[in-house]
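A.B. asks: Dropping the structure in here first, questions after.
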Amino acid sequence: MNTIIRSVDKNNIDLKIIDEAINILRNGGLVAFPTETVYGLGANALDSKAAEKIYNAKGRPSDNPLIVHISDINDLEKIGKNIPQTAYNLAQKFWPGPLTMIVHKSEIIPYTITGGLDTVAVRMPSHLIAKTLISNSGLYIAAPSANTSGRPSPTFAKHVIEDMKDKIDMIIDGGNVEVGIESTIVDLTSDIPIILRPGYITKSQLELILGQVTIDKAILDVNSNEKPKAPGMKYRHYAPKGKLTIVEGNIEDVIKKINDEISKKRQEGFKTGVIATNETFKLYNADEIKIIGSKDNEKEIAKNLYDILRAFDECNVDFIYSESFRNSNLGYAIMNRLLKAAGYSIINI
Ligand code: TXA
Ligand code: MG
């Protein structure tokens, strides 16, 4: 398949290109497009066959459900049913934006979209290209992240091209995304709302609207035998080719430990890499040093994370070491992704 690639300026959207994409979606095709979090791989959410194409293009297990993207709050009750008031309260505060809500699904949503579940994930993105595509099409657009299953989510169109070229009908290149990690997912079908995937919208922000909020036990304690409530969270995602280890502790000790590990690996003939910050990058002796941003700017760190993981794949490093970015805000979501990429390999010193 020959993938059409078109650049669109989000501040001056070429509606002819949007129409081209809409035409493809209406005919059951796949279009990758930018959202504020990561690029999505879109299909008509009411078309089971189109949804199946998404699973094939991504190599995604069919029990892993897709998020349905909407552009109008009134669509929530068409896709879902028994919608709680809390959903509207959250929508008022955080939509359009990087928050996905799980509600009971209505009859129109096929089980191919929900991986067989009776619930559905719904999000209203804020990215201008995504908004225009959804509202002008009049469709509900099912869209997982536009990466091959198991690779980091795409934050630039070039990442989508790497993974999806010749497998999908069209890619809309809207430049770099704003957030860089996927939306927060909150399940509103239980008495106390549960965060199934941490993201840009933090637990304390949700608590301001919802009161009590819990975090899925399987995410809180990865050593527990709990099964994650978001099926996608059980897979080892975001894995770079090199073995990633996170080193956590006092920053001077972390730098020393990482440099010690690097020396050992280099003596053994391996190529090494480090994920460092603006403040520390000069202090490492690795073959490849990537700067993720300033340690005090977690938004910058989130935005650069996946690009850096992909960049390490290109330079074929065998061992990668990263500082830790743990804190209770966005750092919680960053560490969730980084720990998964590391297969939970962490050295505490
Ligand atoms: O920011 C995002 O959410 C991006 C952009 C494109 O919107 N999308 C995204 O989709 O990250 P995806 O498919 O890569 O991740 C969706 C996650 C998976 O972990 C999936 O298991 C979970 O949402 N999910 C979807 N429907 C669900 C449901 N009914 N119940 C529980 N988890 C669900
Ligand atoms: Mg994904």
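Identifiers in the structure tokens: chain A, B, ... in order shown; residue index from 1 per chain; ligand index from 1 in order shown.
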Neighbours of ligand 2 within 9 Å, counting only C-alpha atoms and all ligand atoms, as a PyMOL selection string?
C.D. replies: chain A and resi 38+40+144-153+182+232+237-238
A.B. asks: Would you mind listing the residues within 6 Å of ligand 1, counting only C-alpha atoms and all ligand atoms, as an NGL selection string?
C.D. replies: :A and (37-40 or 64-67 or 102 or 114 or 117 or 119-121 or 143-145 or 182-183 or 229-233)
A.B. asks: At a cut-off of 12 Å, can you tabulate as JSON lines every residue of region 113-179 of chain A near region 293-300 of chain A together with its closest atom pair and the distance in Å to one decimal, using only C-alpha atoms and ordering rows by chain then number?
C.D. replies:
{"residue": "A:Val177", "atom": "CA", "partner": "A:Glu300", "partner_atom": "CA", "distance": 11.5}
{"residue": "A:Glu178", "atom": "CA", "partner": "A:Lys299", "partner_atom": "CA", "distance": 9.0}
{"residue": "A:Val179", "atom": "CA", "partner": "A:Lys299", "partner_atom": "CA", "distance": 7.1}
A.B. asks: For Thr100 (chain A), please output as a PyMOL selection string all residues within 10 Å (counting only C-alpha atoms; exclusion window: fewer than 2 positions along the same chain).
C.D. replies: chain A and resi 67-69+90-91+94-95+97-98+102-103+120-125+182-187+195-197+199+201
A.B. asks: Name the closest residue to Ile349 (chain A) among the candidates A:Ser324, A:Thr189, A:Asn304, A:Gln212; distances are taken between atoms, counting only C-alpha atoms.
C.D. replies: A:Ser324
